[in-house]
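Peer 1: Provided below: my_file-v9.txt, containing compact mmCIF, C-alpha atoms.
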# COMPACT_ATOMS: atom_id res chain seq x y z
CA MET A 14 4.23 46.22 6.52
CA VAL A 15 2.73 43.31 4.60
CA ASP A 16 0.37 44.33 1.82
CA LEU A 17 -2.53 41.95 1.35
CA SER A 18 -4.66 44.11 -0.96
CA ASP A 19 -7.72 45.04 1.11
CA VAL A 20 -6.12 44.09 4.42
CA ILE A 21 -3.38 46.09 6.07
CA VAL A 22 -1.11 44.00 8.28
CA PRO A 23 1.18 46.23 10.35
CA THR A 24 4.22 44.54 11.85
CA SER A 25 4.79 46.90 14.77
CA ALA A 26 2.72 48.99 17.17
CA ALA A 27 4.01 52.19 15.56
CA ASP A 28 3.01 50.91 12.09
CA ALA A 29 -0.42 50.01 13.47
CA ALA A 30 -0.95 53.49 14.92
CA ALA A 31 0.20 55.13 11.67
CA ALA A 32 -2.03 52.89 9.53
CA PHE A 33 -5.03 53.49 11.83
CA GLY A 34 -4.67 57.28 11.60
CA ASP A 35 -7.94 58.83 12.77
CA GLY A 36 -9.72 55.49 12.28
CA ALA A 37 -12.16 56.81 9.68
CA GLY A 38 -13.60 53.95 7.61
CA THR A 39 -11.28 51.43 9.26
CA THR A 40 -12.36 48.11 10.73
CA VAL A 41 -9.93 46.74 13.29
CA LEU A 42 -9.52 42.96 13.23
CA ALA A 43 -7.81 41.52 16.32
CA GLY A 44 -8.55 37.89 17.31
CA GLY A 45 -11.50 37.78 14.92
CA THR A 46 -13.95 36.00 17.23
CA ILE A 47 -16.55 38.78 16.89
CA VAL A 48 -15.59 40.43 13.60
CA MET A 49 -15.27 37.30 11.44
CA PRO A 50 -18.90 36.11 11.82
CA GLU A 51 -20.06 39.68 11.15
CA LEU A 52 -18.04 39.68 7.91
CA LYS A 53 -19.28 36.21 6.97
CA LEU A 54 -22.89 37.23 7.45
CA GLY A 55 -22.37 40.44 5.48
CA ARG A 56 -23.38 42.61 8.43
CA LEU A 57 -20.00 44.30 8.27
CA ARG A 58 -18.60 45.50 4.94
CA PRO A 59 -15.32 47.22 5.72
CA GLN A 60 -13.75 49.65 3.28
CA ARG A 61 -10.40 49.08 4.90
CA THR A 62 -9.32 46.48 7.45
CA LEU A 63 -6.43 46.65 9.87
CA TYR A 64 -5.38 43.16 11.00
CA LEU A 65 -3.33 43.39 14.21
CA GLY A 66 -2.09 39.79 14.46
CA ARG A 67 1.49 40.78 13.66
CA ALA A 68 1.64 44.17 15.34
CA GLY A 69 3.09 42.83 18.60
CA LEU A 70 1.07 44.40 21.45
CA ASP A 71 0.55 40.88 22.81
CA ARG A 72 2.71 40.98 25.92
CA ILE A 73 2.07 41.40 29.62
CA GLU A 74 4.79 43.38 31.37
CA ARG A 75 4.84 43.34 35.14
CA ASP A 76 6.61 45.92 37.25
CA GLY A 77 5.96 45.12 40.91
CA ALA A 78 2.24 45.58 41.46
CA LYS A 79 1.70 47.19 38.02
CA TYR A 80 0.72 45.23 34.92
CA ARG A 81 0.86 46.62 31.39
CA ILE A 82 -1.19 44.38 29.13
CA GLY A 83 -0.93 44.72 25.33
CA ALA A 84 -4.26 45.02 23.52
CA MET A 85 -3.56 41.88 21.47
CA THR A 86 -2.87 39.72 24.54
CA PRO A 87 -5.05 36.61 24.20
CA VAL A 88 -7.61 36.01 26.95
CA SER A 89 -5.86 32.69 27.75
CA LYS A 90 -2.69 34.54 28.80
CA LEU A 91 -4.63 36.55 31.37
CA VAL A 92 -5.66 33.43 33.28
CA ASN A 93 -2.21 33.05 34.86
CA GLY A 94 -0.69 36.37 33.89
CA ALA A 95 -3.11 39.04 35.16
CA PRO A 96 -4.33 39.89 38.66
CA PRO A 97 -7.79 38.89 39.93
CA PRO A 98 -10.65 39.52 39.30
CA LEU A 99 -9.43 39.88 35.67
CA SER A 100 -7.79 36.44 35.75
CA THR A 101 -10.95 34.82 37.15
CA PHE A 102 -13.16 36.35 34.47
CA ALA A 103 -10.66 35.39 31.75
CA ALA A 104 -10.74 31.75 32.88
CA HIS A 105 -14.52 31.72 32.39
CA VAL A 106 -14.62 33.16 28.87
CA ALA A 107 -16.00 30.70 26.29
CA ASP A 108 -13.74 27.67 25.76
CA TYR A 109 -10.08 26.71 25.38
CA GLU A 110 -9.79 27.60 21.69
CA ILE A 111 -11.71 30.87 21.90
CA ARG A 112 -9.66 32.03 24.91
CA ARG A 113 -6.50 31.50 22.84
CA GLN A 114 -7.87 33.49 19.91
CA ALA A 115 -9.87 36.31 21.54
CA THR A 116 -7.94 39.35 22.79
CA ILE A 117 -8.32 41.71 25.73
CA GLY A 118 -8.47 44.71 23.36
CA GLY A 119 -11.23 43.11 21.31
CA ASN A 120 -13.15 42.20 24.44
CA LEU A 121 -12.88 45.76 25.77
CA CYS A 122 -14.14 47.14 22.44
CA ALA A 123 -16.85 44.48 21.91
CA PRO A 124 -20.04 46.12 20.71
CA PRO A 125 -23.01 45.27 22.94
CA GLY A 126 -24.51 41.88 22.08
CA THR A 127 -28.18 41.60 21.25
CA SER A 128 -28.70 37.95 22.22
CA ALA A 129 -26.15 37.60 25.04
CA PRO A 130 -23.85 39.93 26.98
CA ARG A 131 -20.47 40.54 25.38
CA GLY A 132 -17.24 41.97 26.68
CA ASP A 133 -16.95 39.97 29.90
CA LEU A 134 -13.59 41.52 30.75
CA GLN A 135 -15.05 45.04 30.91
CA ALA A 136 -16.37 44.31 34.42
CA PRO A 137 -13.06 43.30 36.05
CA LEU A 138 -11.27 46.12 34.21
CA LEU A 139 -13.77 48.59 35.72
CA ALA A 140 -13.34 47.02 39.16
CA LEU A 141 -9.56 47.32 38.89
CA GLY A 142 -9.72 50.93 37.68
CA ALA A 143 -7.76 50.07 34.52
CA ARG A 144 -6.17 52.80 32.43
CA VAL A 145 -6.53 52.49 28.64
CA ARG A 146 -3.86 53.83 26.27
CA SER A 147 -5.19 54.38 22.77
CA THR A 148 -4.45 56.27 19.58
CA GLY A 149 -6.67 57.94 17.00
CA ALA A 150 -7.76 61.45 16.07
CA GLY A 151 -5.75 63.91 18.19
CA GLY A 152 -3.03 61.33 18.82
CA GLU A 153 -2.29 59.10 21.76
CA ARG A 154 -4.10 59.42 25.09
CA THR A 155 -4.51 57.48 28.33
CA GLU A 156 -7.86 57.52 30.11
CA SER A 157 -9.77 55.54 32.70
CA VAL A 158 -11.61 52.48 31.43
CA ASP A 159 -14.80 54.16 32.75
CA ASP A 160 -14.27 57.10 30.35
CA PHE A 161 -13.21 54.81 27.53
CA LEU A 162 -16.36 52.69 27.81
CA ALA A 163 -18.57 55.76 28.18
CA SER A 164 -17.37 57.00 24.79
CA GLY A 165 -17.78 53.51 23.26
CA GLY A 166 -14.20 53.48 22.01
CA ASN A 167 -15.24 54.70 18.57
CA GLY A 168 -12.38 56.05 16.51
CA ARG A 169 -9.79 54.74 18.96
CA LEU A 170 -7.20 52.00 18.52
CA VAL A 171 -6.39 50.49 21.91
CA LEU A 172 -2.66 49.95 22.41
CA ASP A 173 -2.50 48.63 25.95
CA LEU A 174 -4.09 48.61 29.39
CA GLU A 175 -2.55 49.17 32.78
CA VAL A 176 -3.88 47.68 36.01
CA ASP A 177 -2.57 47.46 39.56
CA GLU A 178 -2.68 44.36 41.72
CA PRO A 179 -5.67 44.93 44.05
CA LYS A 180 -5.49 44.43 47.81
CA ARG A 181 -8.37 41.97 47.51
CA ALA A 182 -10.63 40.75 44.74
CA ALA A 183 -13.77 38.68 44.41
CA THR A 184 -16.22 37.56 41.74
CA ALA A 185 -19.68 36.06 41.55
CA GLY A 186 -21.75 35.13 38.56
CA VAL A 187 -24.32 32.98 36.87
CA ARG A 188 -23.43 31.37 33.60
CA ARG A 189 -25.27 29.37 31.03
CA PRO A 190 -23.77 25.88 31.03
CA HIS A 191 -22.99 25.55 27.35
CA ALA A 192 -19.81 25.06 25.37
CA HIS A 193 -19.63 28.82 25.02
CA ALA A 194 -20.37 29.40 28.72
CA TYR A 195 -22.10 32.73 28.26
CA SER A 196 -22.22 34.99 31.29
CA ILE A 197 -25.81 35.81 32.20
CA LEU A 198 -24.71 38.13 35.00
CA ALA A 199 -21.35 38.61 36.66
CA VAL A 200 -20.00 40.79 39.45
CA ALA A 201 -16.37 41.88 39.80
CA ALA A 202 -15.22 43.49 43.02
CA ALA A 203 -11.78 44.77 43.96
CA GLU A 204 -10.30 46.75 46.81
CA THR A 205 -7.90 49.21 45.22
CA ALA A 206 -6.08 52.28 46.53
CA ASP A 207 -9.37 54.19 45.89
CA GLY A 208 -11.43 51.85 48.05
CA VAL A 209 -13.82 49.11 47.00
CA ARG A 210 -14.90 49.17 43.37
CA VAL A 211 -17.74 47.00 42.09
CA ALA A 212 -18.71 46.41 38.45
CA ILE A 213 -21.56 44.47 36.86
CA LEU A 214 -21.66 42.62 33.56
CA GLY A 215 -24.91 41.52 31.93
CA ALA A 216 -27.27 44.17 33.26
CA GLY A 217 -27.09 46.69 30.43
CA PRO A 218 -25.47 47.12 27.03
CA ARG A 219 -21.99 47.32 28.54
CA ALA A 220 -20.49 46.56 31.94
CA VAL A 221 -21.09 49.33 34.49
CA ARG A 222 -19.76 50.48 37.86
CA ALA A 223 -22.12 49.93 40.77
CA ALA A 224 -21.54 53.45 42.13
CA SER A 225 -24.44 53.29 44.61
CA VAL A 226 -23.05 50.10 46.14
CA GLU A 227 -19.58 51.62 46.40
CA ARG A 228 -20.97 54.78 48.09
CA ALA A 229 -22.98 52.72 50.58
CA LEU A 230 -19.91 50.66 51.49
CA ALA A 231 -17.78 53.77 51.91
CA GLY A 232 -20.53 55.14 54.19
CA GLY A 233 -20.28 52.11 56.44
CA ALA A 234 -23.29 50.09 55.22
CA SER A 235 -23.34 46.32 55.71
CA ASN A 236 -22.65 44.11 52.69
CA ASP A 237 -26.34 43.24 52.31
CA GLU A 238 -27.47 46.87 52.63
CA ALA A 239 -24.87 47.99 50.09
CA ALA A 240 -25.70 45.15 47.69
CA SER A 241 -29.40 46.03 47.73
CA LYS A 242 -28.53 49.41 46.14
CA VAL A 243 -27.22 47.77 42.97
CA LEU A 244 -30.55 48.02 41.15
CA ASP A 245 -30.12 51.82 41.14
CA ASP A 246 -27.04 51.40 38.95
CA VAL A 247 -28.20 49.00 36.26
CA GLU A 248 -30.79 48.72 33.49
CA PRO A 249 -31.21 44.99 32.90
CA VAL A 250 -32.71 43.90 29.60
CA ASP A 251 -34.32 40.73 28.25
CA ASP A 252 -32.11 38.70 25.95
CA ALA A 253 -31.75 35.12 24.75
CA LEU A 254 -30.18 34.03 28.06
CA ALA A 255 -32.44 35.55 30.71
CA SER A 256 -35.16 38.09 31.36
CA ALA A 257 -34.62 41.50 32.90
CA TRP A 258 -36.88 40.33 35.77
CA TYR A 259 -34.61 37.36 36.50
CA ARG A 260 -31.54 39.56 36.44
CA ARG A 261 -33.11 42.02 38.92
CA GLU A 262 -34.05 39.14 41.23
CA VAL A 263 -30.59 37.54 41.20
CA LEU A 264 -28.21 40.51 41.04
CA PRO A 265 -28.38 41.84 44.65
CA GLY A 266 -27.58 38.36 45.97
CA LEU A 267 -24.62 38.02 43.64
CA VAL A 268 -23.26 41.41 44.70
CA ALA A 269 -23.65 40.44 48.37
CA ARG A 270 -21.82 37.18 47.73
CA ALA A 271 -18.92 38.97 46.02
CA LEU A 272 -18.69 41.49 48.89
CA GLU A 273 -18.68 38.66 51.46
CA ASP A 274 -15.82 37.00 49.60
CA LEU A 275 -13.94 40.29 49.40
CA ARG A 276 -13.77 40.89 53.13
CA MET B 11 -0.81 33.62 0.37
CA ARG B 12 1.41 30.69 1.20
CA VAL B 13 0.23 28.14 3.75
CA THR B 14 1.51 24.68 4.61
CA ILE B 15 -1.40 22.28 4.77
CA ASN B 16 -0.81 18.75 6.03
CA ASP B 17 2.92 19.14 5.27
CA VAL B 18 2.34 20.35 1.70
CA GLU B 19 3.03 24.00 0.90
CA ARG B 20 0.14 25.59 -1.00
CA GLU B 21 -0.34 28.95 -2.67
CA LEU B 22 -3.90 30.09 -2.03
CA THR B 23 -5.96 32.54 -4.07
CA THR B 24 -8.85 32.88 -1.60
CA PRO B 25 -9.04 36.55 -0.46
CA PRO B 26 -7.25 37.32 2.84
CA LEU B 27 -10.42 38.27 4.73
CA GLU B 28 -12.19 35.02 3.84
CA THR B 29 -12.12 32.38 6.53
CA LEU B 30 -9.54 29.62 6.65
CA LEU B 31 -12.53 27.25 6.70
CA HIS B 32 -13.72 28.60 3.35
CA ALA B 33 -10.27 28.24 1.79
CA LEU B 34 -9.91 24.66 3.03
CA ARG B 35 -13.33 23.50 1.90
CA GLU B 36 -13.95 25.52 -1.24
CA GLU B 37 -10.50 26.11 -2.71
CA LEU B 38 -8.77 22.91 -1.60
CA GLY B 39 -11.71 20.51 -1.23
CA ILE B 40 -10.64 19.47 2.28
CA THR B 41 -14.05 18.88 3.86
CA SER B 42 -13.15 17.40 7.24
CA PRO B 43 -13.44 20.83 8.91
CA LYS B 44 -17.21 21.29 9.03
CA ALA B 45 -19.08 24.51 8.36
CA GLY B 46 -21.33 24.19 11.41
CA CYS B 47 -22.44 27.29 13.28
CA GLN B 48 -19.78 29.48 11.63
CA GLN B 49 -19.59 31.69 14.71
CA GLY B 50 -17.12 29.76 16.83
CA GLY B 51 -19.62 27.97 19.05
CA CYS B 52 -19.70 24.38 17.80
CA GLY B 53 -16.03 23.50 17.32
CA ALA B 54 -16.68 21.38 14.20
CA CYS B 55 -14.41 23.56 12.00
CA THR B 56 -11.40 23.21 14.30
CA VAL B 57 -7.98 22.68 12.70
CA LEU B 58 -4.48 22.80 14.15
CA VAL B 59 -2.48 25.97 13.45
CA ASP B 60 1.16 25.36 14.29
CA GLY B 61 -0.06 22.46 16.45
CA GLU B 62 -2.69 24.33 18.47
CA PRO B 63 -6.44 23.94 17.87
CA GLN B 64 -8.14 26.94 16.33
CA ARG B 65 -11.58 27.68 14.87
CA SER B 66 -11.05 27.92 11.12
CA CYS B 67 -14.42 29.70 10.79
CA LEU B 68 -13.15 32.61 12.92
CA THR B 69 -9.70 32.76 11.35
CA PRO B 70 -9.08 35.09 8.43
CA LEU B 71 -6.71 33.66 5.87
CA ALA B 72 -4.47 36.69 6.51
CA ALA B 73 -3.80 35.28 10.00
CA VAL B 74 -2.27 32.02 8.76
CA ASP B 75 0.05 33.33 6.03
CA GLY B 76 3.25 31.29 6.37
CA ARG B 77 1.86 28.97 9.03
CA ALA B 78 1.26 25.22 9.19
CA ILE B 79 -2.29 23.85 9.20
CA THR B 80 -3.20 20.27 10.12
CA THR B 81 -6.56 18.66 9.44
CA VAL B 82 -7.48 15.06 10.31
CA GLU B 83 -6.34 14.04 6.83
CA GLY B 84 -2.84 15.02 7.98
CA LEU B 85 -2.93 12.82 11.09
CA GLY B 86 -3.36 9.47 9.43
CA ALA B 87 -5.02 7.62 6.60
CA PRO B 88 -7.23 4.52 6.31
CA GLY B 89 -4.99 1.62 7.34
CA HIS B 90 -2.57 3.97 9.14
CA LEU B 91 -4.63 5.84 11.70
CA SER B 92 -3.02 8.07 14.31
CA PRO B 93 -3.32 6.75 17.89
CA VAL B 94 -6.06 9.31 18.64
CA GLN B 95 -8.01 8.44 15.49
CA ALA B 96 -7.64 4.73 16.27
CA ALA B 97 -8.84 5.26 19.86
CA PHE B 98 -11.95 7.11 18.65
CA TYR B 99 -12.59 4.23 16.19
CA GLU B 100 -11.99 1.49 18.74
CA GLN B 101 -13.97 3.08 21.59
CA TYR B 102 -16.72 4.12 19.17
CA GLY B 103 -16.27 7.76 20.22
CA VAL B 104 -18.46 8.82 17.32
CA GLN B 105 -22.17 9.30 16.97
CA CYS B 106 -23.22 11.32 13.92
CA GLY B 107 -19.57 12.21 13.32
CA PHE B 108 -19.99 15.92 12.58
CA CYS B 109 -17.98 17.01 15.64
CA THR B 110 -15.42 14.19 15.31
CA PRO B 111 -12.67 15.89 13.25
CA GLY B 112 -12.63 18.78 15.75
CA PHE B 113 -12.58 16.40 18.73
CA VAL B 114 -9.77 14.33 17.20
CA LEU B 115 -7.62 17.38 16.46
CA ALA B 116 -8.27 19.03 19.84
CA THR B 117 -7.47 15.71 21.57
CA THR B 118 -4.25 15.36 19.58
CA ALA B 119 -3.15 18.83 20.75
CA LEU B 120 -4.33 18.21 24.32
CA LEU B 121 -2.24 15.02 24.63
CA GLU B 122 0.74 16.82 23.10
CA ARG B 123 0.78 19.42 25.89
CA ASN B 124 -0.57 17.17 28.64
CA PRO B 125 0.07 13.47 27.98
CA SER B 126 -2.02 12.25 30.93
CA PRO B 127 -4.91 14.64 31.50
CA SER B 128 -7.39 14.09 34.32
CA ARG B 129 -11.03 13.56 33.49
CA GLU B 130 -11.74 17.15 34.61
CA GLU B 131 -9.00 18.51 32.35
CA ILE B 132 -10.40 16.54 29.40
CA LEU B 133 -13.91 17.90 29.99
CA GLU B 134 -12.64 21.47 30.43
CA GLU B 135 -10.23 21.57 27.51
CA LEU B 136 -12.47 19.77 25.03
CA GLY B 137 -15.60 21.61 26.21
CA GLY B 138 -15.68 23.77 23.10
CA HIS B 139 -16.50 20.72 20.96
CA VAL B 140 -19.50 19.48 22.88
CA CYS B 141 -22.44 19.16 20.52
CA ARG B 142 -25.90 17.83 21.33
CA CYS B 143 -25.90 14.11 20.55
CA THR B 144 -24.91 13.18 24.16
CA GLY B 145 -22.31 10.60 23.09
CA TYR B 146 -19.67 11.99 25.43
CA VAL B 147 -19.03 8.93 27.60
CA LYS B 148 -17.37 7.14 24.72
CA ILE B 149 -15.56 10.26 23.53
CA VAL B 150 -13.97 10.70 26.96
CA ALA B 151 -13.20 6.96 27.03
CA ALA B 152 -11.44 7.37 23.67
CA VAL B 153 -9.35 10.29 24.93
CA GLU B 154 -8.39 8.31 28.06
CA ALA B 155 -7.51 5.22 25.98
CA ALA B 156 -5.35 7.32 23.65
CA ALA B 157 -3.61 8.92 26.65
CA ARG B 158 -2.85 5.50 28.17
CA GLY B 159 -1.71 4.12 24.82
CA GLU B 160 -4.45 1.49 24.94
CA VAL B 161 -4.98 1.30 21.22
CA SER B 162 -4.86 -2.02 19.38
CA ASP B 163 -2.91 -2.67 16.17
CA ALA B 164 -6.19 -3.71 14.56
CA ALA B 165 -7.59 -0.24 15.25
CA ILE B 166 -4.47 1.49 13.90
CA HIS B 167 -4.87 -0.52 10.69
CA ALA B 168 -8.64 -0.07 10.46
CA GLY B 169 -9.89 0.77 7.02
CA ALA B 170 -6.86 -0.80 5.30
CA THR B 171 -9.08 -2.87 3.04
CA GLY B 172 -11.62 -0.12 2.43
CA PRO B 173 -15.26 -0.07 3.41
CA SER B 174 -17.16 -3.33 3.73
CA PRO B 175 -18.23 -4.58 0.28
CA VAL B 176 -21.36 -6.17 1.78
CA GLU B 177 -24.50 -4.09 1.32
CA PRO B 178 -26.63 -3.89 4.47
CA GLU B 179 -29.73 -6.06 4.23
CA VAL B 180 -33.00 -4.14 4.06
CA LEU B 181 -35.29 -5.94 6.47
CA VAL B 182 -38.53 -4.15 5.70
CA PRO B 183 -38.62 -2.33 2.39
CA GLY B 184 -39.56 1.30 3.00
CA SER B 185 -38.68 1.18 6.70
CA PRO B 186 -36.74 4.23 7.87
CA ALA B 187 -34.40 1.90 9.76
Kindly transcribe the structure held in the file into C-alpha cells.
Peer 2:
Amino acid sequence: MVDLSDVIVPTSAADAAAAFGDGAGTTVLAGGTIVMPELKLGRLRPQRTLYLGRAGLDRIERDGAKYRIGAMTPVSKLVNGAPPPLSTFAAHVADYEIRRQATIGGNLCAPPGTSAPRGDLQAPLLALGARVRSTGAGGERTESVDDFLASGGNGRLVLDLEVDEPKRAATAGVRRPHAHAYSILAVAAAETADGVRVAILGAGPRAVRAASVERALAGGASNDEAASKVLDDVEPVDDALASAWYRREVLPGLVARALEDLR
Amino acid sequence: MRVTINDVERELTTPPLETLLHALREELGITSPKAGCQQGGCGACTVLVDGEPQRSCLTPLAAVDGRAITTVEGLGAPGHLSPVQAAFYEQYGVQCGFCTPGFVLATTALLERNPSPSREEILEELGGHVCRCTGYVKIVAAVEAAARGEVSDAAIHAGATGPSPVEPEVLVPGSPA
C-alpha cells in the first residue's frame, strides 16, 4: 500500500476492500471524471479518499458467454470487450480521452446529474441483468444491478460486474451533438434467458427498467403497443438538455425502434 | 511525488488530490495546458500520460506518481517544431489558440497509434477538443498534412529567429482592429 498522506492507494483488490472497511467517511476515487471537478469546486470535502487506480480490478475475463468485468475497467475497453448493448453504450460515452479515463464502476455509482443524465452504462447493465459484486458493511455480497441501483450503492465498494452475452440486443437514443455527447434519452434492450429486458436512461434520476413494456411483450403485445406503456415506468424531468415534455414525446418511439431492431 | 515531465524527473510538492493541471501550471509554471472548463469538457488541459492523451484537470496527482507527462513544450521548440506542431503552423490550424496545445498533443498520440487515419477517425478521436471558434477545416487539414508527412522544412524551423521585430502599424488610432 502506498501512503500519500490523505489519499490511500491500495495496490490489490484485497487491500482496497480492507481499506474501504464499512465505507464510513470514505470517498472512492476511480477514474476521477466525476469526483475531480466536485473536489475542485469544493462541493466534496472528503475526510479520507481511496484512490483505486492501482488496485487492479481493471480486467475483463470471459468464460464462454459469461463476462466478469472489473470495476476499474475503463469505458474504452468495453467498446470491443463487452457484449452489446453495453458495448454500444460505451462507444457513445463522451469522447476518446474520457472513455479511457472513466470506469464502469464509477459510471454505475454515478450520482444523478442535475444538468444532464449521468451513468449511461446503468441502462445496458439493467437490460443485461448484470450482477454486481461489492464489499462494505457486512462483507462481500453479489446482487442484481436492479437491487444495487435501488439502494444507491451507498456504503458499497464495487469489485466487479458479471454479465452474460444476450441472445439479441438493440439500442436507440437521442444525444446532444457536443464534444461531450450527452445522452438526452437512451433505450437499451436485450433478450436474455429471462426474456426481453428493456431499460431507459435519461427519464429519471437513474436508469430504470421498463417493467410495463416487458410485461406487455411477454403477454404478446405488438412492439408499438408495448412501447406505448413506457410512460408508466418513468418520471422524466426538465434539465439543461431537454424538457420532461420532450422526453415523454420522444421516448415511446425510441422504445419501439429498439424493439424493432431486437426482433 | 516523483513525475517525469518532458523527459525531466521532478519531485512535486503539490498535494496528491490536487489536479495534475494545477501542479503543471502553478508549481512548475508550465502554462500550455489551459485551465478551461475544468470539468473535462473542453480538452484544453490535455497532456500525454505515458504517450496517451488525458485531461490533466480530471487527473489527481496521485494517479501520475512515477509516470511520464508530455506537454507541447516537450514536443519541440521554436526553430525545431515537431511535425505535428509544424503542420498546425503551416496549415494555420489555429484560431484563438486556446485549444491548440490539446489538439497538438491528441494529434501526436492519434498518429502514433494510427499513422494514416481517415477523416472520420480524425473527427471522432479528436472530438473531445472541439471548441466553438469553428476553425476546424484547417485543423483537420493540419492533421491530414502531418499524417502524410507534408510538412515543409521552413515550417519545422519556424520561430528560429524569434517573433517578428516589426511592430504592427496602427492604421486608425483607437480602432479596435
Peer 1: Is there a way to get, as a list in words, all residues within 8 Å of the point (-8.0, 12.5, 12.7) in file coordinates, counting all atoms listed in the file?
Peer 2: Thr81, Val82, Glu83, Gly84, Leu85, Gly86, Leu91, Ser92, Val94, Gln95, Pro111, Val114 and Leu115 of chain B
Peer 1: Using all atoms listed in the file, I'd like a table of the residues in chain B that come within 6 Å of chain A; for each, show the closest atom pair and its distance in Å rounded to one decimal, ordered by chain and ascending number, as a Markdown table.
Peer 2:
| residue | atom | partner | partner_atom | distance |
| --- | --- | --- | --- | --- |
| B:Gln49 | CA | A:Pro50 | CA | 5.3 |
| B:Gln64 | CA | A:Glu110 | CA | 5.6 |
| B:Leu68 | CA | A:Met49 | CA | 5.4 |
| B:Glu135 | CA | A:Tyr109 | CA | 5.6 |
| B:Gly137 | CA | A:Ala192 | CA | 5.5 |
| B:Gly138 | CA | A:Ala192 | CA | 4.9 |
Peer 1: For CA of Leu264 (chain A) and CA of Asp177 (chain A), quote the distance in Å rounded to one decimal.
Peer 2: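 Separating CA of Leu264 (chain A) from CA of Asp177 (chain A) is a distance of 26.6 Å.
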Peer 1: Just give me the gap between CA of His105 (chain A) and CA of Asp245 (chain A) in Å, one decimal is fine.
Peer 2: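 Calculated distance between CA of His105 (chain A) and CA of Asp245 (chain A) is 26.9 Å.
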Peer 1: Please identify all polymer residues lying at most 6 Å from the point (-1.2, 24.8, 5.2) (file coordinates), using only C-alpha atoms, and present the result as a PyMOL selection string.
Peer 2: chain B and resi 13-15+78-79
Peer 1: Have a look at B:Thr117, B:Ser126, B:Thr41, B:Thr56 and name the one nearest to Pro93 (chain B); count only C-alpha atoms.
Peer 2: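 Under the stated criterion, the closest residue is B:Thr117.
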Peer 1: So the first atom is CA of Asp274 (chain A) and the second is CA of Thr184 (chain A); what is the distance between them in Å, to one decimal place?
Peer 2: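 Pair CA of Asp274 (chain A) / CA of Thr184 (chain A) returns 7.9 Å.
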Peer 1: Rank B:Cys109, B:Gln101, B:Ala33, B:Val161 by their smallest atom-to-atom distance to Cys143 (chain B), using only C-alpha atoms, and report the top residue only.
Peer 2: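 Ranked by minimum distance to Cys143 (chain B), first place goes to B:Cys109.
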Peer 1: Near region 149-152 of chain B, counting only C-alpha atoms, which residues have an atom at most 9 Å away, once you skip same-chain residues fewer than 4 positions from it, shown as an NGL selection string?
Peer 2: :B and (94-104 or 113 or 129 or 132-133 or 145 or 156-157)
Peer 1: Would you mind listing what lies within 7 Å of Arg144 (chain A) as a compact mmCIF listing (two decimals) with C-alpha atoms, in the frame of the given file, with only C-alpha atoms counted and same-chain residues fewer than 4 positions away left out?
Peer 2:
# COMPACT_ATOMS: atom_id res chain seq x y z
CA THR A 155 -4.51 57.48 28.33
CA GLU A 156 -7.86 57.52 30.11
CA SER A 157 -9.77 55.54 32.70
CA VAL A 158 -11.61 52.48 31.43
CA LEU A 174 -4.09 48.61 29.39
CA GLU A 175 -2.55 49.17 32.78
CA VAL A 176 -3.88 47.68 36.01
Peer 1: Using only C-alpha atoms, which of the listed residues (A:Ala31, A:Val263, A:Ile117, A:Ala136) sits closest to Arg210 (chain A)?
Peer 2: A:Ala136
Peer 1: Point out the residue among B:Asp17, B:Glu36, B:Glu160, B:Glu154 with the least atom-to-atom distance to Thr118 (chain B), counting only C-alpha atoms.
Peer 2: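 The closest residue to Thr118 (chain B) is B:Glu154.
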Peer 1: Name all residues at most 12 Å from Pro179 (chain A) (count only C-alpha atoms; drop same-chain ones fewer than 4 positions away) and give them as a PDB file with C-alpha atoms, in the frame of the given file.
Peer 2:
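To be explicit, this is the file written out as around_24.pdb:
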ATOM      1  CA  ALA A  78       2.240  45.580  41.460  1.00  0.00           C
ATOM      2  CA  LYS A  79       1.700  47.190  38.020  1.00  0.00           C
ATOM      3  CA  TYR A  80       0.720  45.230  34.920  1.00  0.00           C
ATOM      4  CA  ALA A  95      -3.110  39.040  35.160  1.00  0.00           C
ATOM      5  CA  PRO A  96      -4.330  39.890  38.660  1.00  0.00           C
ATOM      6  CA  PRO A  97      -7.790  38.890  39.930  1.00  0.00           C
ATOM      7  CA  PRO A  98     -10.650  39.520  39.300  1.00  0.00           C
ATOM      8  CA  LEU A  99      -9.430  39.880  35.670  1.00  0.00           C
ATOM      9  CA  PRO A 137     -13.060  43.300  36.050  1.00  0.00           C
ATOM     10  CA  LEU A 138     -11.270  46.120  34.210  1.00  0.00           C
ATOM     11  CA  ALA A 140     -13.340  47.020  39.160  1.00  0.00           C
ATOM     12  CA  LEU A 141      -9.560  47.320  38.890  1.00  0.00           C
ATOM     13  CA  GLY A 142      -9.720  50.930  37.680  1.00  0.00           C
ATOM     14  CA  ALA A 143      -7.760  50.070  34.520  1.00  0.00           C
ATOM     15  CA  ALA A 183     -13.770  38.680  44.410  1.00  0.00           C
ATOM     16  CA  ALA A 201     -16.370  41.880  39.800  1.00  0.00           C
ATOM     17  CA  ALA A 202     -15.220  43.490  43.020  1.00  0.00           C
ATOM     18  CA  ALA A 203     -11.780  44.770  43.960  1.00  0.00           C
ATOM     19  CA  GLU A 204     -10.300  46.750  46.810  1.00  0.00           C
ATOM     20  CA  THR A 205      -7.900  49.210  45.220  1.00  0.00           C
ATOM     21  CA  ALA A 206      -6.080  52.280  46.530  1.00  0.00           C
ATOM     22  CA  ASP A 207      -9.370  54.190  45.890  1.00  0.00           C
ATOM     23  CA  GLY A 208     -11.430  51.850  48.050  1.00  0.00           C
ATOM     24  CA  VAL A 209     -13.820  49.110  47.000  1.00  0.00           C
ATOM     25  CA  ARG A 210     -14.900  49.170  43.370  1.00  0.00           C
ATOM     26  CA  LEU A 275     -13.940  40.290  49.400  1.00  0.00           C
TER      27      LEU A 275
END
